[in-house]
$ cat target-v6.cif   # mmCIF, C-alpha atoms and all ligand atoms
data_input
loop_
_atom_site.group_PDB
_atom_site.id
_atom_site.type_symbol
_atom_site.label_atom_id
_atom_site.label_comp_id
_atom_site.auth_asym_id
_atom_site.auth_seq_id
_atom_site.Cartn_x
_atom_site.Cartn_y
_atom_site.Cartn_z
ATOM 1 C CA MET A 1 108.947 80.394 88.958
ATOM 2 C CA ASN A 2 108.944 77.330 86.782
ATOM 3 C CA ALA A 3 112.024 75.278 86.085
ATOM 4 C CA GLU A 4 112.438 76.303 82.443
ATOM 5 C CA LYS A 5 112.490 79.978 83.340
ATOM 6 C CA ASN A 6 114.925 79.381 86.184
ATOM 7 C CA SER A 7 117.318 77.529 83.969
ATOM 8 C CA GLN A 8 117.331 80.405 81.482
ATOM 9 C CA ASN A 9 117.977 83.068 84.073
ATOM 10 C CA THR A 10 120.397 81.529 86.514
ATOM 11 C CA SER A 11 123.990 81.457 85.328
ATOM 12 C CA SER A 12 125.140 78.954 87.956
ATOM 13 C CA PRO A 13 123.064 76.203 89.529
ATOM 14 C CA ASN A 14 124.346 77.261 92.975
ATOM 15 C CA ARG A 15 123.665 80.925 92.550
ATOM 16 C CA LYS A 16 120.826 82.225 94.677
ATOM 17 C CA PRO A 17 118.906 85.149 93.188
ATOM 18 C CA SER A 18 119.511 88.210 95.348
ATOM 19 C CA LEU A 19 116.969 90.938 95.986
ATOM 20 C CA GLU A 20 119.421 93.650 94.864
ATOM 21 C CA THR A 21 120.132 92.036 91.490
ATOM 22 C CA PRO A 22 116.883 90.632 90.126
ATOM 23 C CA THR A 23 117.557 87.598 87.964
ATOM 24 C CA GLU A 24 114.042 86.420 87.327
ATOM 25 C CA GLU A 25 110.443 87.399 86.902
ATOM 26 C CA HIS A 26 107.432 85.717 88.348
ATOM 27 C CA SER A 27 104.257 85.837 86.311
ATOM 28 C CA VAL A 28 100.778 85.708 87.820
ATOM 29 C CA LEU A 29 97.459 85.282 85.995
ATOM 30 C CA PHE A 30 94.181 85.916 87.859
ATOM 31 C CA VAL A 31 91.188 84.067 86.436
ATOM 32 C CA CYS A 32 87.426 84.419 86.974
ATOM 33 C CA LEU A 33 84.423 83.749 84.722
ATOM 34 C CA GLY A 34 83.820 86.940 82.737
ATOM 35 C CA ASN A 35 87.134 88.751 83.409
ATOM 36 C CA ILE A 36 85.140 91.918 84.060
ATOM 37 C CA CYS A 37 84.679 91.857 87.859
ATOM 38 C CA ARG A 38 86.839 89.722 90.159
ATOM 39 C CA SER A 39 90.006 88.994 88.194
ATOM 40 C CA PRO A 40 90.667 92.477 86.772
ATOM 41 C CA ALA A 41 90.195 93.840 90.306
ATOM 42 C CA ALA A 42 92.611 91.211 91.669
ATOM 43 C CA GLU A 43 95.085 92.090 88.915
ATOM 44 C CA GLU A 44 95.078 95.786 89.849
ATOM 45 C CA ILE A 45 95.149 95.190 93.601
ATOM 46 C CA PHE A 46 98.098 92.822 93.220
ATOM 47 C CA ARG A 47 99.863 95.285 90.896
ATOM 48 C CA THR A 48 99.401 98.040 93.474
ATOM 49 C CA ILE A 49 100.996 95.889 96.195
ATOM 50 C CA VAL A 50 103.890 94.929 93.904
ATOM 51 C CA THR A 51 104.473 98.564 92.924
ATOM 52 C CA ARG A 52 104.293 99.771 96.529
ATOM 53 C CA ASN A 53 107.037 97.256 97.361
ATOM 54 C CA GLY A 54 109.266 98.384 94.475
ATOM 55 C CA ASP A 55 108.926 95.035 92.700
ATOM 56 C CA SER A 56 107.315 96.087 89.415
ATOM 57 C CA ASP A 57 110.246 94.757 87.393
ATOM 58 C CA ARG A 58 110.014 91.330 88.996
ATOM 59 C CA PHE A 59 106.380 90.483 88.277
ATOM 60 C CA GLU A 60 104.293 90.064 85.161
ATOM 61 C CA ILE A 61 100.590 90.376 86.057
ATOM 62 C CA ASP A 62 97.504 89.752 83.933
ATOM 63 C CA SER A 63 93.936 88.446 84.176
ATOM 64 C CA ALA A 64 91.575 86.394 82.019
ATOM 65 C CA GLY A 65 88.173 84.708 82.045
ATOM 66 C CA THR A 66 86.956 81.193 81.326
ATOM 67 C CA TYR A 67 83.946 82.683 79.485
ATOM 68 C CA SER A 68 84.794 84.679 76.344
ATOM 69 C CA GLY A 69 81.508 86.610 76.015
ATOM 70 C CA HIS A 70 82.982 89.834 77.415
ATOM 71 C CA ALA A 71 86.229 89.753 75.425
ATOM 72 C CA GLY A 72 87.472 93.281 74.758
ATOM 73 C CA ASP A 73 85.250 94.875 77.418
ATOM 74 C CA LEU A 74 86.420 97.132 80.221
ATOM 75 C CA PRO A 75 85.635 95.853 83.722
ATOM 76 C CA ASP A 76 81.990 96.099 84.777
ATOM 77 C CA ARG A 77 81.145 99.712 85.679
ATOM 78 C CA ARG A 78 80.011 98.721 89.185
ATOM 79 C CA MET A 79 83.361 97.071 89.858
ATOM 80 C CA ARG A 80 85.258 100.014 88.395
ATOM 81 C CA MET A 81 83.362 102.409 90.665
ATOM 82 C CA ALA A 82 83.811 100.280 93.793
ATOM 83 C CA ALA A 83 87.524 99.825 93.046
ATOM 84 C CA PHE A 84 87.950 103.534 92.305
ATOM 85 C CA GLY A 85 86.534 104.241 95.760
ATOM 86 C CA ARG A 86 89.563 102.402 97.168
ATOM 87 C CA GLY A 87 92.069 104.063 94.851
ATOM 88 C CA TYR A 88 92.300 101.452 92.075
ATOM 89 C CA ARG A 89 91.808 102.363 88.432
ATOM 90 C CA LEU A 90 90.704 99.296 86.428
ATOM 91 C CA THR A 91 91.623 99.559 82.742
ATOM 92 C CA HIS A 92 92.090 95.898 81.774
ATOM 93 C CA ARG A 93 90.337 94.632 78.619
ATOM 94 C CA ALA A 94 88.720 91.232 79.094
ATOM 95 C CA ARG A 95 90.181 88.223 77.343
ATOM 96 C CA PRO A 96 89.586 84.481 77.510
ATOM 97 C CA VAL A 97 92.112 82.234 79.237
ATOM 98 C CA ARG A 98 94.130 80.198 76.714
ATOM 99 C CA ARG A 99 95.978 76.927 76.852
ATOM 100 C CA ASP A 100 99.280 78.711 76.206
ATOM 101 C CA ASP A 101 98.747 80.767 79.368
ATOM 102 C CA PHE A 102 100.059 77.670 81.134
ATOM 103 C CA GLU A 103 103.418 78.188 79.401
ATOM 104 C CA ARG A 104 103.517 81.909 80.068
ATOM 105 C CA PHE A 105 102.406 82.109 83.710
ATOM 106 C CA ASP A 106 104.051 80.628 86.786
ATOM 107 C CA THR A 107 101.019 81.026 89.049
ATOM 108 C CA ILE A 108 97.402 80.881 87.881
ATOM 109 C CA VAL A 109 94.950 82.083 90.508
ATOM 110 C CA SER A 110 91.371 80.810 90.494
ATOM 111 C CA MET A 111 88.504 82.713 92.109
ATOM 112 C CA ASP A 112 86.151 79.804 92.818
ATOM 113 C CA ASP A 113 85.639 76.041 92.502
ATOM 114 C CA SER A 114 84.032 76.178 89.087
ATOM 115 C CA ILE A 115 86.934 78.214 87.661
ATOM 116 C CA TYR A 116 89.390 75.892 89.411
ATOM 117 C CA GLU A 117 87.844 72.883 87.662
ATOM 118 C CA SER A 118 87.708 74.642 84.274
ATOM 119 C CA LEU A 119 91.383 75.547 84.588
ATOM 120 C CA HIS A 120 92.290 71.953 85.411
ATOM 121 C CA ARG A 121 90.449 70.781 82.295
ATOM 122 C CA LEU A 122 92.367 73.320 80.210
ATOM 123 C CA ALA A 123 95.809 72.566 81.682
ATOM 124 C CA PRO A 124 97.924 70.689 79.107
ATOM 125 C CA ASP A 125 99.556 68.384 81.676
ATOM 126 C CA ARG A 126 99.953 67.687 85.390
ATOM 127 C CA ARG A 127 102.895 69.992 85.823
ATOM 128 C CA ALA A 128 100.927 72.850 84.331
ATOM 129 C CA ALA A 129 97.994 72.043 86.603
ATOM 130 C CA GLU A 130 100.261 72.395 89.631
ATOM 131 C CA ARG A 131 100.452 76.132 88.905
ATOM 132 C CA ILE A 132 96.729 76.580 89.635
ATOM 133 C CA VAL A 133 95.996 77.948 93.112
ATOM 134 C CA ARG A 134 92.891 79.230 94.895
ATOM 135 C CA MET A 135 92.726 82.953 95.665
ATOM 136 C CA THR A 136 91.121 82.486 99.085
ATOM 137 C CA ASP A 137 93.898 80.135 100.253
ATOM 138 C CA TYR A 138 95.974 83.303 100.672
ATOM 139 C CA CYS A 139 93.439 85.175 102.842
ATOM 140 C CA ARG A 140 94.764 85.907 106.323
ATOM 141 C CA HIS A 141 91.925 87.997 107.749
ATOM 142 C CA HIS A 142 89.030 86.108 106.153
ATOM 143 C CA ALA A 143 89.904 82.647 107.416
ATOM 144 C CA GLY A 144 87.457 79.954 106.373
ATOM 145 C CA VAL A 145 86.305 81.688 103.174
ATOM 146 C CA ARG A 146 86.614 79.158 100.341
ATOM 147 C CA TYR A 147 85.911 81.252 97.236
ATOM 148 C CA VAL A 148 85.542 84.806 95.963
ATOM 149 C CA PRO A 149 81.807 85.081 95.193
ATOM 150 C CA ASP A 150 80.646 86.204 91.773
ATOM 151 C CA PRO A 151 79.286 89.732 92.356
ATOM 152 C CA TYR A 152 77.623 90.074 88.928
ATOM 153 C CA TYR A 153 74.055 89.632 90.181
ATOM 154 C CA GLU A 154 74.717 91.221 93.568
ATOM 155 C CA GLY A 155 74.232 94.755 94.889
ATOM 156 C CA PRO A 156 76.994 97.167 95.940
ATOM 157 C CA SER A 157 77.809 95.173 99.090
ATOM 158 C CA GLY A 158 78.728 92.183 96.881
ATOM 159 C CA PHE A 159 81.383 94.249 95.126
ATOM 160 C CA GLU A 160 82.735 95.574 98.427
ATOM 161 C CA LEU A 161 82.979 92.032 99.795
ATOM 162 C CA VAL A 162 84.925 90.955 96.686
ATOM 163 C CA LEU A 163 87.351 93.845 97.182
ATOM 164 C CA ASP A 164 87.759 93.021 100.901
ATOM 165 C CA LEU A 165 88.620 89.406 100.038
ATOM 166 C CA LEU A 166 90.928 90.343 97.173
ATOM 167 C CA GLU A 167 92.876 92.908 99.194
ATOM 168 C CA ASP A 168 93.410 90.349 101.944
ATOM 169 C CA ALA A 169 94.310 87.498 99.566
ATOM 170 C CA CYS A 170 96.585 89.573 97.310
ATOM 171 C CA GLU A 171 98.666 90.661 100.312
ATOM 172 C CA GLY A 172 98.996 87.016 101.345
ATOM 173 C CA LEU A 173 99.810 85.884 97.819
ATOM 174 C CA TYR A 174 102.466 88.578 97.412
ATOM 175 C CA ASP A 175 104.176 87.644 100.687
ATOM 176 C CA SER A 176 104.070 83.952 99.788
ATOM 177 C CA LEU A 177 105.535 84.429 96.298
ATOM 178 C CA ARG A 178 108.166 86.819 97.588
ATOM 179 C CA LYS A 179 109.300 84.241 100.144
ATOM 180 C CA ASP A 180 109.534 81.591 97.396
ATOM 181 C CA MET A 181 111.569 83.950 95.210
ATOM 182 C CA GLU A 182 114.066 84.569 97.997
ATOM 183 C CA ARG A 183 114.781 80.866 98.404
HETATM 184 P P1 LIG B 201 83.440 87.837 86.943
HETATM 185 O O1 LIG B 201 81.864 88.166 87.022
HETATM 186 O O2 LIG B 201 83.575 86.369 86.634
HETATM 187 O O3 LIG B 201 83.934 88.173 88.307
HETATM 188 O O4 LIG B 201 83.990 88.721 85.844
HETATM 189 C C1 LIG B 201 80.968 87.837 85.995
HETATM 190 C C2 LIG B 201 80.873 88.629 84.876
HETATM 191 C C3 LIG B 201 79.968 88.330 83.876
HETATM 192 C C4 LIG B 201 79.164 87.209 84.011
HETATM 193 C C5 LIG B 201 79.276 86.406 85.123
HETATM 194 C C6 LIG B 201 80.178 86.722 86.108
HETATM 195 N N1 LIG B 201 78.222 86.891 82.995
HETATM 196 O O5 LIG B 201 77.478 85.929 83.187
HETATM 197 O O6 LIG B 201 78.174 87.569 81.965
#
$ encode --input "target-v6.cif" --output "structure tokens"
Amino acid sequence: MNAEKNSQNTSSPNRKPSLETPTEEHSVLFVCLGNICRSPAAEEIFRTIVTRNGDSDRFEIDSAGTYSGHAGDLPDRRMRMAAFGRGYRLTHRARPVRRDDFERFDTIVSMDDSIYESLHRLAPDRRAAERIVRMTDYCRHHAGVRYVPDPYYEGPSGFELVLDLLEDACEGLYDSLRKDMER
């Protein structure tokens, strides 16, 4: 949660937000290249974890792409089918990431190095850039993996690998954010 949002939502500087009385939301934006494979899958996986934990009212979740060529499209059919096989229904419509996303989102999650660099170029200032994190830094079962590979030119196993990484990383990200929110 960024400082501006905290100051709006906390009535006393000493008051600690309690789990029973939510006082704030945390917003998370997942970003890949086309916003039709990795990030809409991450968005739905993360939303499923949040919902399962009864935290839907505490999180705003969205996804976007650094490339605008697929704007308005549903996720790639191959990704929709692979995700559906694990119980996720992907209905997001692709959109390009915007500069004002850095005002709206507390955490901006990059899928790979190229996206990470593009996001840093787009960030309006250093403070905004500090909200950019790498998806694979939250993996707990896929230690050593440094990026979520672009599955666009891959076969079915590429999509399954992406989902394996995202399920692992989204669990780790949720636990990490939840701990921060309890502080
Ligand atoms: P994504 O995958 O970044 O995970 O959505 C891609 C989708 C489309 C393209 C590349 C990657 N493309 O070149 O159109």
$ atom_distance --input "target-v6.cif" --atom1 "atom CA of Ala143 of chain A" --atom2 "atom C2 of ligand LIG 201 (chain B)"
25.0 Å
$ residues_near_ligand --input "target-v6.cif" --ligand "ligand LIG 201 (chain B)" --cutoff "12 Å" --atoms "only C-alpha atoms and all ligand atoms" --output "VMD selection string"
chain A and resid 30 to 43 63 to 71 73 to 80 92 to 96 110 to 112 114 to 115 147 to 154 158 to 159 162 to 163 166
$ closest_residue --input "target-v6.cif" --among "A:Met81, A:Thr91, A:Ile49, A:Ser118" --to "Ala169 of chain A" --atoms "all atoms listed in the file"
A:Ile49
$ atom_distance --input "target-v6.cif" --atom1 "atom CA of Ala123 of chain A" --atom2 "atom CA of Ser27 of chain A"
16.4 Å
$ atom_distance --input "target-v6.cif" --atom1 "atom CA of Arg126 of chain A" --atom2 "atom CA of Asp106 of chain A"
13.6 Å
$ closest_residue --input "target-v6.cif" --among "A:Arg89, A:Arg131, A:Arg146, A:Arg52" --to "Asp101 of chain A" --atoms "all atoms listed in the file"
A:Arg131
$ closest_residue --input "target-v6.cif" --among "A:Arg86, A:Phe46, A:Arg178, A:Leu29" --to "Asp62 of chain A" --atoms "only C-alpha atoms"
A:Leu29
$ resolve_selection --input "target-v6.cif" --expression "the PyMOL selection byres (((chain A and resi 133) around 6) and not hetatm)" --output "PyMOL selection string"
chain A and resi 109+132+134
$ write_last_selection --input "target-v6.cif" --atoms "C-alpha atoms" --output "PDB file, in the coordinates of the input"
ATOM      1  CA  VAL A 109      94.950  82.083  90.508  1.00  0.00           C
ATOM      2  CA  ILE A 132      96.729  76.580  89.635  1.00  0.00           C
ATOM      3  CA  ARG A 134      92.891  79.230  94.895  1.00  0.00           C
TER       4      ARG A 134
END
$ closest_residue --input "target-v6.cif" --among "A:Ala83, A:Ile61, A:Leu173, A:Ile45" --to "Glu25 of chain A" --atoms "only C-alpha atoms"
A:Ile61
$ resolve_selection --input "target-v6.cif" --expression "the PyMOL selection byres (((chain A and resi 177) around 12) and not hetatm)" --output "PyMOL selection string"
chain A and resi 1+25-28+46+50+55+58-59+106-107+133+138+170-176+178-183
$ write_last_selection --input "target-v6.cif" --atoms "C-alpha atoms" --output "compact mmCIF listing (two decimals), in the frame of the given file"
# COMPACT_ATOMS: atom_id res chain seq x y z
CA MET A 1 108.95 80.39 88.96
CA GLU A 25 110.44 87.40 86.90
CA HIS A 26 107.43 85.72 88.35
CA SER A 27 104.26 85.84 86.31
CA VAL A 28 100.78 85.71 87.82
CA PHE A 46 98.10 92.82 93.22
CA VAL A 50 103.89 94.93 93.90
CA ASP A 55 108.93 95.04 92.70
CA ARG A 58 110.01 91.33 89.00
CA PHE A 59 106.38 90.48 88.28
CA ASP A 106 104.05 80.63 86.79
CA THR A 107 101.02 81.03 89.05
CA VAL A 133 96.00 77.95 93.11
CA TYR A 138 95.97 83.30 100.67
CA CYS A 170 96.58 89.57 97.31
CA GLU A 171 98.67 90.66 100.31
CA GLY A 172 99.00 87.02 101.34
CA LEU A 173 99.81 85.88 97.82
CA TYR A 174 102.47 88.58 97.41
CA ASP A 175 104.18 87.64 100.69
CA SER A 176 104.07 83.95 99.79
CA ARG A 178 108.17 86.82 97.59
CA LYS A 179 109.30 84.24 100.14
CA ASP A 180 109.53 81.59 97.40
CA MET A 181 111.57 83.95 95.21
CA GLU A 182 114.07 84.57 98.00
CA ARG A 183 114.78 80.87 98.40
$ axis_aligned_box --input "target-v6.cif" --around "segment 170-182 of chain A" --padding-each-side "3 Å" --output "AutoDock Vina command-line options"
--center_x 105.3 --center_y 86.1 --center_z 98.3 --size_x 23.5 --size_y 15.1 --size_z 12.1
$ closest_residue --input "target-v6.cif" --among "A:Arg98, A:Val145, A:Gly155, A:Asp137" --to "Pro124 of chain A" --atoms "all atoms listed in the file"
A:Arg98
$ closest_residue --input "target-v6.cif" --among "A:Cys139, A:Ala129, A:Leu161, A:Leu122" --to "Arg99 of chain A" --atoms "all atoms listed in the file"
A:Leu122
